[in-house]
file work.cif (mmCIF, C-alpha atoms)
data_start
loop_
_atom_site.group_PDB
_atom_site.id
_atom_site.type_symbol
_atom_site.label_atom_id
_atom_site.label_comp_id
_atom_site.auth_asym_id
_atom_site.auth_seq_id
_atom_site.Cartn_x
_atom_site.Cartn_y
_atom_site.Cartn_z
ATOM 1 C CA MET V 62 34.845 75.707 132.122
ATOM 2 C CA ASN V 63 35.669 76.460 128.486
ATOM 3 C CA THR V 64 32.596 76.857 126.328
ATOM 4 C CA SER V 65 34.321 77.646 123.019
ATOM 5 C CA THR V 66 33.833 75.281 120.117
ATOM 6 C CA ASP V 67 37.011 74.495 118.244
ATOM 7 C CA GLN V 68 35.756 74.269 114.659
ATOM 8 C CA GLY V 69 39.145 73.290 113.264
ATOM 9 C CA GLY V 70 40.403 73.813 109.741
ATOM 10 C CA LEU V 71 42.146 76.754 108.135
ATOM 11 C CA ASP V 72 39.291 77.961 105.957
ATOM 12 C CA GLY V 73 38.299 81.398 107.202
ATOM 13 C CA ALA V 74 41.044 81.498 109.838
ATOM 14 C CA VAL V 75 43.196 84.576 110.361
ATOM 15 C CA VAL V 76 46.815 83.577 110.893
ATOM 16 C CA ALA V 77 49.785 85.832 111.625
ATOM 17 C CA VAL V 78 53.243 84.688 110.557
ATOM 18 C CA ALA V 79 56.294 86.228 112.232
ATOM 19 C CA GLY V 80 59.511 85.943 110.230
ATOM 20 C CA ALA V 81 57.623 85.412 106.992
ATOM 21 C CA ALA V 82 60.200 86.487 104.413
ATOM 22 C CA GLY V 83 62.574 83.522 104.584
ATOM 23 C CA PRO V 84 62.145 80.200 102.751
ATOM 24 C CA ALA V 85 60.140 78.640 105.595
ATOM 25 C CA GLY V 86 57.993 81.751 105.850
ATOM 26 C CA ARG V 87 57.287 81.780 102.135
ATOM 27 C CA ALA V 88 56.267 78.118 102.216
ATOM 28 C CA ALA V 89 54.010 78.788 105.201
ATOM 29 C CA LEU V 90 52.343 81.771 103.504
ATOM 30 C CA MET V 91 51.657 79.647 100.437
ATOM 31 C CA ARG V 92 50.198 76.721 102.389
ATOM 32 C CA LEU V 93 48.086 78.846 104.718
ATOM 33 C CA ALA V 94 46.670 80.831 101.799
ATOM 34 C CA GLU V 95 45.991 77.598 99.936
ATOM 35 C CA GLY V 96 44.023 76.369 102.957
ATOM 36 C CA GLY V 97 41.731 79.386 102.831
ATOM 37 C CA ALA V 98 43.276 81.420 105.635
ATOM 38 C CA THR V 99 43.691 85.160 105.727
ATOM 39 C CA VAL V 100 47.439 85.534 106.284
ATOM 40 C CA VAL V 101 49.007 88.486 108.071
ATOM 41 C CA ALA V 102 52.768 88.365 107.555
ATOM 42 C CA SER V 103 55.549 90.285 109.244
ATOM 43 C CA ASP V 104 59.305 90.477 108.856
ATOM 44 C CA ALA V 105 62.071 92.947 109.557
ATOM 45 C CA ASP V 106 63.115 92.953 105.881
ATOM 46 C CA ALA V 107 60.460 94.984 104.081
ATOM 47 C CA GLY V 108 61.689 94.171 100.573
ATOM 48 C CA ARG V 109 61.820 90.400 101.034
ATOM 49 C CA LEU V 110 58.494 90.498 102.875
ATOM 50 C CA ALA V 111 56.811 92.278 99.974
ATOM 51 C CA GLU V 112 58.161 89.624 97.574
ATOM 52 C CA ALA V 113 56.884 86.793 99.782
ATOM 53 C CA VAL V 114 53.436 88.368 100.142
ATOM 54 C CA ASP V 115 53.162 89.043 96.395
ATOM 55 C CA ALA V 116 54.184 85.465 95.592
ATOM 56 C CA ALA V 117 51.508 84.011 97.885
ATOM 57 C CA ARG V 118 48.858 86.337 96.464
ATOM 58 C CA TYR V 119 49.834 85.461 92.899
ATOM 59 C CA ALA V 120 49.839 81.713 93.567
ATOM 60 C CA HIS V 121 46.424 81.789 95.211
ATOM 61 C CA HIS V 122 44.318 84.391 93.441
ATOM 62 C CA GLY V 123 41.729 85.861 95.738
ATOM 63 C CA ALA V 124 43.633 84.985 98.916
ATOM 64 C CA THR V 125 44.045 87.768 101.444
ATOM 65 C CA VAL V 126 47.751 88.011 102.289
ATOM 66 C CA THR V 127 49.061 91.193 103.873
ATOM 67 C CA GLY V 128 52.505 92.247 105.031
ATOM 68 C CA ASP V 129 53.749 94.577 107.727
ATOM 69 C CA THR V 130 57.212 95.337 109.081
ATOM 70 C CA VAL V 131 56.928 94.933 112.845
ATOM 71 C CA ASP V 132 59.713 95.338 115.405
ATOM 72 C CA LEU V 133 59.129 92.178 117.422
ATOM 73 C CA LEU V 134 61.775 93.298 119.909
ATOM 74 C CA ASP V 135 59.370 96.074 120.917
ATOM 75 C CA LEU V 136 56.561 94.626 123.052
ATOM 76 C CA ASP V 137 54.301 97.636 122.500
ATOM 77 C CA ALA V 138 54.739 97.402 118.726
ATOM 78 C CA THR V 139 54.014 93.681 118.830
ATOM 79 C CA ARG V 140 50.877 94.229 120.907
ATOM 80 C CA ALA V 141 49.777 96.925 118.460
ATOM 81 C CA TRP V 142 50.228 94.447 115.584
ATOM 82 C CA ALA V 143 48.097 91.830 117.366
ATOM 83 C CA ASP V 144 45.394 94.356 118.266
ATOM 84 C CA ARG V 145 45.361 95.817 114.754
ATOM 85 C CA THR V 146 45.038 92.366 113.199
ATOM 86 C CA GLU V 147 42.132 91.327 115.414
ATOM 87 C CA ARG V 148 40.401 94.663 114.949
ATOM 88 C CA GLU V 149 40.764 94.635 111.146
ATOM 89 C CA PHE V 150 39.761 91.020 110.542
ATOM 90 C CA GLY V 151 37.505 90.439 113.542
ATOM 91 C CA ARG V 152 39.524 87.559 114.964
ATOM 92 C CA ILE V 153 43.019 86.088 115.242
ATOM 93 C CA ASP V 154 43.358 82.324 114.978
ATOM 94 C CA GLY V 155 47.077 81.768 114.852
ATOM 95 C CA LEU V 156 50.588 83.023 115.338
ATOM 96 C CA VAL V 157 53.312 81.057 113.575
ATOM 97 C CA HIS V 158 56.768 81.932 114.904
ATOM 98 C CA LEU V 159 59.379 81.538 112.180
ATOM 99 C CA VAL V 160 61.921 84.099 113.370
ATOM 100 C CA GLY V 161 65.221 82.260 113.165
ATOM 101 C CA GLY V 162 68.949 82.639 113.368
ATOM 102 C CA TRP V 163 72.023 80.554 114.127
ATOM 103 C CA ARG V 164 75.444 81.204 115.555
ATOM 104 C CA GLY V 165 77.953 78.655 116.776
ATOM 105 C CA SER V 166 81.611 77.867 117.312
ATOM 106 C CA ALA V 167 84.106 75.128 116.543
ATOM 107 C CA THR V 168 84.469 74.158 120.216
ATOM 108 C CA PHE V 169 82.781 74.906 123.532
ATOM 109 C CA ALA V 170 85.796 76.920 124.709
ATOM 110 C CA GLU V 171 85.532 79.171 121.671
ATOM 111 C CA THR V 172 81.898 80.102 122.394
ATOM 112 C CA ASP V 173 81.364 83.819 121.928
ATOM 113 C CA LEU V 174 78.869 85.149 124.463
ATOM 114 C CA GLY V 175 78.031 87.845 121.968
ATOM 115 C CA ASP V 176 76.298 85.072 120.044
ATOM 116 C CA TRP V 177 74.028 84.533 123.029
ATOM 117 C CA ASN V 178 73.050 88.201 123.046
ATOM 118 C CA VAL V 179 72.032 88.024 119.387
ATOM 119 C CA LEU V 180 70.193 84.714 119.702
ATOM 120 C CA GLU V 181 68.410 85.730 122.888
ATOM 121 C CA ASP V 182 66.785 88.553 120.934
ATOM 122 C CA LEU V 183 66.004 86.538 117.815
ATOM 123 C CA LEU V 184 64.916 83.246 119.354
ATOM 124 C CA VAL V 185 63.668 84.123 122.836
ATOM 125 C CA ARG V 186 62.602 87.760 123.044
ATOM 126 C CA THR V 187 60.472 87.528 119.901
ATOM 127 C CA VAL V 188 58.713 84.460 121.338
ATOM 128 C CA GLN V 189 58.057 86.296 124.586
ATOM 129 C CA HIS V 190 56.617 89.321 122.835
ATOM 130 C CA THR V 191 54.455 87.486 120.297
ATOM 131 C CA SER V 192 53.045 85.101 122.901
ATOM 132 C CA LEU V 193 52.178 87.895 125.311
ATOM 133 C CA ALA V 194 50.679 90.007 122.518
ATOM 134 C CA PHE V 195 48.581 87.267 120.903
ATOM 135 C CA GLU V 196 47.495 85.160 123.899
ATOM 136 C CA GLY V 197 44.219 86.997 124.456
ATOM 137 C CA GLY V 198 43.143 86.953 120.826
ATOM 138 C CA LEU V 199 44.055 83.303 120.370
ATOM 139 C CA GLY V 200 42.037 82.410 123.459
ATOM 140 C CA ARG V 201 38.997 84.240 122.095
ATOM 141 C CA SER V 202 39.266 82.598 118.674
ATOM 142 C CA GLY V 203 37.836 79.167 119.409
ATOM 143 C CA LYS V 204 40.586 77.611 117.267
ATOM 144 C CA GLY V 205 43.686 79.577 118.214
ATOM 145 C CA ARG V 206 47.131 78.073 117.609
ATOM 146 C CA TYR V 207 50.535 79.387 118.679
ATOM 147 C CA VAL V 208 53.219 77.515 116.734
ATOM 148 C CA LEU V 209 56.922 77.539 117.618
ATOM 149 C CA ILE V 210 59.499 76.011 115.295
ATOM 150 C CA SER V 211 62.304 74.544 117.376
ATOM 151 C CA ALA V 212 65.368 72.393 116.787
ATOM 152 C CA GLU V 213 66.532 69.065 118.108
ATOM 153 C CA GLY V 214 69.552 70.910 119.516
ATOM 154 C CA ALA V 215 67.309 72.140 122.357
ATOM 155 C CA SER V 216 67.195 68.544 123.591
ATOM 156 C CA ARG V 217 70.614 67.430 122.333
ATOM 157 C CA PRO V 218 72.993 70.396 122.665
ATOM 158 C CA THR V 219 76.463 70.014 121.210
ATOM 159 C CA ALA V 220 79.707 71.652 122.300
ATOM 160 C CA GLY V 221 79.730 74.244 119.545
ATOM 161 C CA ASN V 222 76.025 75.042 119.764
ATOM 162 C CA ALA V 223 75.730 76.098 123.395
ATOM 163 C CA ALA V 224 74.169 79.524 122.782
ATOM 164 C CA TYR V 225 71.820 78.309 120.056
ATOM 165 C CA ALA V 226 70.643 75.239 121.968
ATOM 166 C CA ALA V 227 70.122 77.223 125.159
ATOM 167 C CA ALA V 228 68.087 79.875 123.330
ATOM 168 C CA LYS V 229 65.920 77.233 121.649
ATOM 169 C CA ALA V 230 65.384 75.469 124.976
ATOM 170 C CA ALA V 231 64.334 78.754 126.567
ATOM 171 C CA ALA V 232 61.885 79.434 123.722
ATOM 172 C CA GLU V 233 60.399 75.965 124.163
ATOM 173 C CA ALA V 234 59.971 76.458 127.922
ATOM 174 C CA TRP V 235 58.237 79.797 127.345
ATOM 175 C CA THR V 236 55.897 78.233 124.774
ATOM 176 C CA LEU V 237 55.027 75.385 127.148
ATOM 177 C CA ALA V 238 54.169 77.972 129.809
ATOM 178 C CA LEU V 239 51.746 79.543 127.326
ATOM 179 C CA ALA V 240 50.299 76.072 126.726
ATOM 180 C CA ASP V 241 49.742 75.692 130.452
ATOM 181 C CA ALA V 242 47.902 79.016 130.501
ATOM 182 C CA PHE V 243 45.591 77.709 127.769
ATOM 183 C CA ARG V 244 45.116 74.460 129.698
ATOM 184 C CA LYS V 245 44.157 76.320 132.865
ATOM 185 C CA ALA V 246 41.796 78.592 130.929
ATOM 186 C CA GLY V 247 39.932 75.508 129.741
ATOM 187 C CA GLY V 248 39.281 74.238 133.246
ATOM 188 C CA ASP V 249 37.922 70.707 133.062
ATOM 189 C CA GLY V 250 37.182 71.010 129.344
ATOM 190 C CA GLU V 251 39.008 71.625 126.108
ATOM 191 C CA PRO V 252 41.606 74.411 126.189
ATOM 192 C CA PRO V 253 40.412 77.458 124.235
ATOM 193 C CA ALA V 254 43.618 77.443 122.179
ATOM 194 C CA ALA V 255 46.821 75.463 121.790
ATOM 195 C CA ALA V 256 50.538 76.226 121.879
ATOM 196 C CA THR V 257 52.568 73.667 119.949
ATOM 197 C CA ILE V 258 56.261 73.079 119.260
ATOM 198 C CA LEU V 259 57.395 71.572 115.950
ATOM 199 C CA VAL V 260 60.919 70.143 116.225
ATOM 200 C CA VAL V 261 63.266 69.842 113.254
ATOM 201 C CA LYS V 262 66.922 68.929 112.859
ATOM 202 C CA ALA V 263 67.355 71.661 110.283
ATOM 203 C CA LEU V 264 65.448 72.988 107.285
ATOM 204 C CA VAL V 265 66.178 72.565 103.600
ATOM 205 C CA HIS V 266 64.705 74.186 100.506
ATOM 206 C CA ASP V 267 65.195 74.038 96.746
ATOM 207 C CA ALA V 268 67.794 76.808 96.590
ATOM 208 C CA MET V 269 69.993 74.954 99.083
ATOM 209 C CA ARG V 270 69.760 71.793 96.998
ATOM 210 C CA ALA V 271 70.665 73.730 93.865
ATOM 211 C CA GLU V 272 73.703 75.249 95.551
ATOM 212 C CA ARG V 273 74.893 71.875 96.895
ATOM 213 C CA PRO V 274 73.637 69.237 94.456
ATOM 214 C CA ASN V 275 75.752 66.482 96.002
ATOM 215 C CA ALA V 276 74.692 67.120 99.593
ATOM 216 C CA ARG V 277 72.349 64.597 101.217
ATOM 217 C CA PHE V 278 70.794 66.886 103.864
ATOM 218 C CA ALA V 279 70.125 63.752 105.926
ATOM 219 C CA GLY V 280 67.353 64.228 108.450
ATOM 220 C CA PHE V 281 66.550 67.756 107.278
ATOM 221 C CA THR V 282 62.914 68.841 106.947
ATOM 222 C CA ASP V 283 61.849 70.444 103.691
ATOM 223 C CA VAL V 284 60.188 73.817 104.230
ATOM 224 C CA GLU V 285 57.105 72.606 102.366
ATOM 225 C CA GLU V 286 56.827 69.626 104.721
ATOM 226 C CA LEU V 287 57.097 72.048 107.631
ATOM 227 C CA ALA V 288 54.359 74.217 106.135
ATOM 228 C CA GLU V 289 52.121 71.162 105.795
ATOM 229 C CA ALA V 290 52.703 70.270 109.452
ATOM 230 C CA ILE V 291 51.863 73.834 110.487
ATOM 231 C CA ALA V 292 48.624 73.831 108.504
ATOM 232 C CA GLY V 293 47.632 70.455 109.916
ATOM 233 C CA LEU V 294 47.523 71.802 113.470
ATOM 234 C CA TRP V 295 44.153 73.416 112.735
ATOM 235 C CA ASP V 296 42.737 70.014 111.790
ATOM 236 C CA ARG V 297 43.480 68.525 115.206
ATOM 237 C CA PRO V 298 41.701 69.220 118.528
ATOM 238 C CA ALA V 299 43.339 71.810 120.739
ATOM 239 C CA GLN V 300 43.671 69.328 123.584
ATOM 240 C CA GLU V 301 45.648 66.979 121.342
ATOM 241 C CA VAL V 302 48.253 69.526 120.250
ATOM 242 C CA ASN V 303 48.443 71.855 123.253
ATOM 243 C CA ALA V 304 51.837 71.520 124.974
ATOM 244 C CA ALA V 305 52.856 68.935 122.372
ATOM 245 C CA ARG V 306 56.404 68.693 121.038
ATOM 246 C CA LEU V 307 55.858 67.189 117.601
ATOM 247 C CA TRP V 308 59.002 65.792 116.033
ATOM 248 C CA LEU V 309 59.555 66.250 112.318
ATOM 249 C CA ALA V 310 63.139 65.169 112.933
ATOM 250 C CA ALA V 311 64.050 61.719 114.230
ATOM 251 C CA GLN V 312 63.141 61.668 117.900
ATOM 252 C CA PRO V 313 66.079 60.920 120.231
ATOM 253 C CA THR V 314 66.218 57.581 121.996
ATOM 254 C CA PRO V 315 65.597 57.995 125.756
#
call {"tool": "encode", "arguments": {"input": "work.cif", "output": "structure tokens"}}
result
Amino acid sequence: MNTSTDQGGLDGAVVAVAGAAGPAGRAALMRLAEGGATVVASDADAGRLAEAVDAARYAHHGATVTGDTVDLLDLDATRAWADRTEREFGRIDGLVHLVGGWRGSATFAETDLGDWNVLEDLLVRTVQHTSLAFEGGLGRSGKGRYVLISAEGASRPTAGNAAYAAAKAAAEAWTLALADAFRKAGGDGEPPAAATILVVKALVHDAMRAERPNARFAGFTDVEELAEAIAGLWDRPAQEVNAARLWLAAQPTP
């Protein structure tokens, strides 16, 4: 039976963000730092990562925001990142998976299986490695959260999005398996941590709006809204959000 006490809230939490240099990552770093978390960011692009980390530090003076280039396609390197984070800060309370990528085709027949190879690495392998590396630390935390950002295409694949939708669906299934591990670890009580999927149609940010001022971006989720949803997961009991697929996009009609 689980005896951990989920204190909730971001203040004092240590949260790792994978894929932190993009617009969604930058918004997440800002919101997590604002909430009082120590933020440990990683990205393959060292230059953009440094800019994102500096921006979050500048916006929230006194916040601890660090950056590290980690090869998330290397399981040993990912485990070393998780171990180093827990050892340095004494705990690890979250892993937010924001590693993204998209490839598609005009028709199903034109699908390039090379796209699958790329997306399998970006969208599936990085989920496998981060979940395996961080599971133990999240379970020890007392308020651990593993957060996957998914897309409605995983549930509603279209002809030109076969590789992308399949990769997102695989990432969701893997995350739900992690959630089941947390459920089983809790026995008859509260799970010691939670794995949650946030579902969007697509993401939008200010630069996109500036580039396409006449576009409506109907149904898109702003990256700041996504960051708010991520932060809010620490305010909810683990049992409530574990294995949950929380729709920020319009949920499909059964």
call {"tool": "residues_around", "arguments": {"input": "work.cif", "residues": "Glu95 in chain V", "least_positions_apart": "6", "cutoff": "10 Å", "atoms": "all atoms listed in the file", "output": "list in words"}}
result
Leu71, Asp72, Ala89, Ala117, Arg118, Ala120, His121, His122, Ala124 and Ala292 of chain V
call {"tool": "closest_atom_pairs", "arguments": {"input": "work.cif", "of": "range 133-225 of chain V", "to": "range 254-266 of chain V", "cutoff": "12 Å", "atoms": "only C-alpha atoms", "output": "JSON lines"}}
result
{"residue": "V:Ile153", "atom": "CA", "partner": "V:Ala254", "partner_atom": "CA", "distance": 11.1}
{"residue": "V:Asp154", "atom": "CA", "partner": "V:Ala254", "partner_atom": "CA", "distance": 8.7}
{"residue": "V:Gly155", "atom": "CA", "partner": "V:Ala254", "partner_atom": "CA", "distance": 9.2}
{"residue": "V:Leu156", "atom": "CA", "partner": "V:Ala256", "partner_atom": "CA", "distance": 9.4}
{"residue": "V:Val157", "atom": "CA", "partner": "V:Thr257", "partner_atom": "CA", "distance": 9.8}
{"residue": "V:His158", "atom": "CA", "partner": "V:Ile258", "partner_atom": "CA", "distance": 9.9}
{"residue": "V:Leu159", "atom": "CA", "partner": "V:Leu259", "partner_atom": "CA", "distance": 10.8}
{"residue": "V:Gly161", "atom": "CA", "partner": "V:Leu264", "partner_atom": "CA", "distance": 11.0}
{"residue": "V:Gly162", "atom": "CA", "partner": "V:Ala263", "partner_atom": "CA", "distance": 11.5}
{"residue": "V:Trp163", "atom": "CA", "partner": "V:Ala263", "partner_atom": "CA", "distance": 10.8}
{"residue": "V:Val188", "atom": "CA", "partner": "V:Ala256", "partner_atom": "CA", "distance": 11.6}
{"residue": "V:Ser192", "atom": "CA", "partner": "V:Ala256", "partner_atom": "CA", "distance": 9.3}
{"residue": "V:Phe195", "atom": "CA", "partner": "V:Ala254", "partner_atom": "CA", "distance": 11.1}
{"residue": "V:Glu196", "atom": "CA", "partner": "V:Ala254", "partner_atom": "CA", "distance": 8.8}
{"residue": "V:Gly197", "atom": "CA", "partner": "V:Ala254", "partner_atom": "CA", "distance": 9.8}
{"residue": "V:Gly198", "atom": "CA", "partner": "V:Ala254", "partner_atom": "CA", "distance": 9.6}
{"residue": "V:Leu199", "atom": "CA", "partner": "V:Ala254", "partner_atom": "CA", "distance": 6.1}
{"residue": "V:Gly200", "atom": "CA", "partner": "V:Ala254", "partner_atom": "CA", "distance": 5.4}
{"residue": "V:Arg201", "atom": "CA", "partner": "V:Ala254", "partner_atom": "CA", "distance": 8.2}
{"residue": "V:Ser202", "atom": "CA", "partner": "V:Ala254", "partner_atom": "CA", "distance": 7.6}
{"residue": "V:Gly203", "atom": "CA", "partner": "V:Ala254", "partner_atom": "CA", "distance": 6.6}
{"residue": "V:Lys204", "atom": "CA", "partner": "V:Ala254", "partner_atom": "CA", "distance": 5.8}
{"residue": "V:Gly205", "atom": "CA", "partner": "V:Ala254", "partner_atom": "CA", "distance": 4.5}
{"residue": "V:Arg206", "atom": "CA", "partner": "V:Ala255", "partner_atom": "CA", "distance": 4.9}
{"residue": "V:Tyr207", "atom": "CA", "partner": "V:Ala256", "partner_atom": "CA", "distance": 4.5}
{"residue": "V:Val208", "atom": "CA", "partner": "V:Thr257", "partner_atom": "CA", "distance": 5.1}
{"residue": "V:Leu209", "atom": "CA", "partner": "V:Ile258", "partner_atom": "CA", "distance": 4.8}
{"residue": "V:Ile210", "atom": "CA", "partner": "V:Leu259", "partner_atom": "CA", "distance": 5.0}
{"residue": "V:Ser211", "atom": "CA", "partner": "V:Val260", "partner_atom": "CA", "distance": 4.8}
{"residue": "V:Ala212", "atom": "CA", "partner": "V:Val261", "partner_atom": "CA", "distance": 4.8}
{"residue": "V:Glu213", "atom": "CA", "partner": "V:Lys262", "partner_atom": "CA", "distance": 5.3}
{"residue": "V:Gly214", "atom": "CA", "partner": "V:Lys262", "partner_atom": "CA", "distance": 7.4}
{"residue": "V:Ala215", "atom": "CA", "partner": "V:Val260", "partner_atom": "CA", "distance": 9.1}
{"residue": "V:Ser216", "atom": "CA", "partner": "V:Val260", "partner_atom": "CA", "distance": 9.8}
{"residue": "V:Arg217", "atom": "CA", "partner": "V:Lys262", "partner_atom": "CA", "distance": 10.3}
{"residue": "V:Pro218", "atom": "CA", "partner": "V:Lys262", "partner_atom": "CA", "distance": 11.6}
call {"tool": "closest_residue", "arguments": {"input": "work.cif", "among": "V:Ala111, V:Ala194, V:Ala88, V:Val126", "to": "Ala138 in chain V", "atoms": "only C-alpha atoms"}}
result
V:Ala194
call {"tool": "closest_residue", "arguments": {"input": "work.cif", "among": "V:Asp173, V:Glu301, V:Asp115, V:Asp283", "to": "Arg244 in chain V", "atoms": "all atoms listed in the file"}}
result
V:Glu301
call {"tool": "closest_residue", "arguments": {"input": "work.cif", "among": "V:Ala279, V:Ala102, V:Ala240, V:Ala94", "to": "Val131 in chain V", "atoms": "all atoms listed in the file"}}
result
V:Ala102
call {"tool": "build_atoms", "arguments": {"input": "work.cif", "residues": "range 218-226 of chain V", "atoms": "all heavy atoms", "output": "PDB file, in the coordinates of the input"}}
result
ATOM      1  N   PRO V 218      72.002  69.357 122.948  1.00  0.00           N
ATOM      2  CA  PRO V 218      72.993  70.396 122.665  1.00  0.00           C
ATOM      3  C   PRO V 218      74.381  69.805 122.425  1.00  0.00           C
ATOM      4  O   PRO V 218      74.755  68.820 123.049  1.00  0.00           O
ATOM      5  CB  PRO V 218      72.968  71.267 123.924  1.00  0.00           C
ATOM      6  CG  PRO V 218      72.417  70.382 124.995  1.00  0.00           C
ATOM      7  CD  PRO V 218      71.464  69.455 124.321  1.00  0.00           C
ATOM      8  N   THR V 219      75.096  70.426 121.497  1.00  0.00           N
ATOM      9  CA  THR V 219      76.463  70.014 121.210  1.00  0.00           C
ATOM     10  C   THR V 219      77.434  71.109 121.656  1.00  0.00           C
ATOM     11  O   THR V 219      77.038  72.249 121.904  1.00  0.00           O
ATOM     12  CB  THR V 219      76.640  69.739 119.710  1.00  0.00           C
ATOM     13  OG1 THR V 219      76.279  70.915 118.974  1.00  0.00           O
ATOM     14  CG2 THR V 219      75.757  68.575 119.270  1.00  0.00           C
ATOM     15  N   ALA V 220      78.705  70.752 121.728  1.00  0.00           N
ATOM     16  CA  ALA V 220      79.707  71.652 122.300  1.00  0.00           C
ATOM     17  C   ALA V 220      79.762  72.996 121.591  1.00  0.00           C
ATOM     18  O   ALA V 220      79.925  74.040 122.233  1.00  0.00           O
ATOM     19  CB  ALA V 220      81.082  70.977 122.252  1.00  0.00           C
ATOM     20  N   GLY V 221      79.622  72.994 120.282  1.00  0.00           N
ATOM     21  CA  GLY V 221      79.730  74.244 119.545  1.00  0.00           C
ATOM     22  C   GLY V 221      78.432  74.997 119.381  1.00  0.00           C
ATOM     23  O   GLY V 221      78.410  76.064 118.768  1.00  0.00           O
ATOM     24  N   ASN V 222      77.354  74.446 119.937  1.00  0.00           N
ATOM     25  CA  ASN V 222      76.025  75.042 119.764  1.00  0.00           C
ATOM     26  C   ASN V 222      75.412  75.478 121.094  1.00  0.00           C
ATOM     27  O   ASN V 222      74.194  75.513 121.213  1.00  0.00           O
ATOM     28  CB  ASN V 222      75.077  74.030 119.106  1.00  0.00           C
ATOM     29  CG  ASN V 222      75.064  74.169 117.591  1.00  0.00           C
ATOM     30  OD1 ASN V 222      75.458  75.191 117.056  1.00  0.00           O
ATOM     31  ND2 ASN V 222      74.641  73.132 116.912  1.00  0.00           N
ATOM     32  N   ALA V 223      76.235  75.811 122.056  1.00  0.00           N
ATOM     33  CA  ALA V 223      75.730  76.098 123.395  1.00  0.00           C
ATOM     34  C   ALA V 223      74.722  77.239 123.395  1.00  0.00           C
ATOM     35  O   ALA V 223      73.630  77.125 123.966  1.00  0.00           O
ATOM     36  CB  ALA V 223      76.891  76.414 124.342  1.00  0.00           C
ATOM     37  N   ALA V 224      75.058  78.358 122.764  1.00  0.00           N
ATOM     38  CA  ALA V 224      74.169  79.524 122.782  1.00  0.00           C
ATOM     39  C   ALA V 224      72.880  79.234 122.028  1.00  0.00           C
ATOM     40  O   ALA V 224      71.779  79.559 122.497  1.00  0.00           O
ATOM     41  CB  ALA V 224      74.885  80.735 122.181  1.00  0.00           C
ATOM     42  N   TYR V 225      73.003  78.606 120.865  1.00  0.00           N
ATOM     43  CA  TYR V 225      71.820  78.309 120.056  1.00  0.00           C
ATOM     44  C   TYR V 225      70.898  77.326 120.766  1.00  0.00           C
ATOM     45  O   TYR V 225      69.683  77.542 120.852  1.00  0.00           O
ATOM     46  CB  TYR V 225      72.258  77.737 118.710  1.00  0.00           C
ATOM     47  CG  TYR V 225      71.114  77.332 117.808  1.00  0.00           C
ATOM     48  CD1 TYR V 225      70.382  78.299 117.113  1.00  0.00           C
ATOM     49  CD2 TYR V 225      70.766  75.997 117.642  1.00  0.00           C
ATOM     50  CE1 TYR V 225      69.341  77.944 116.274  1.00  0.00           C
ATOM     51  CE2 TYR V 225      69.722  75.626 116.812  1.00  0.00           C
ATOM     52  CZ  TYR V 225      69.008  76.598 116.138  1.00  0.00           C
ATOM     53  OH  TYR V 225      67.972  76.234 115.320  1.00  0.00           O
ATOM     54  N   ALA V 226      71.462  76.250 121.294  1.00  0.00           N
ATOM     55  CA  ALA V 226      70.643  75.239 121.968  1.00  0.00           C
ATOM     56  C   ALA V 226      69.969  75.818 123.203  1.00  0.00           C
ATOM     57  O   ALA V 226      68.802  75.529 123.478  1.00  0.00           O
ATOM     58  CB  ALA V 226      71.511  74.039 122.346  1.00  0.00           C
TER      59      ALA V 226
END
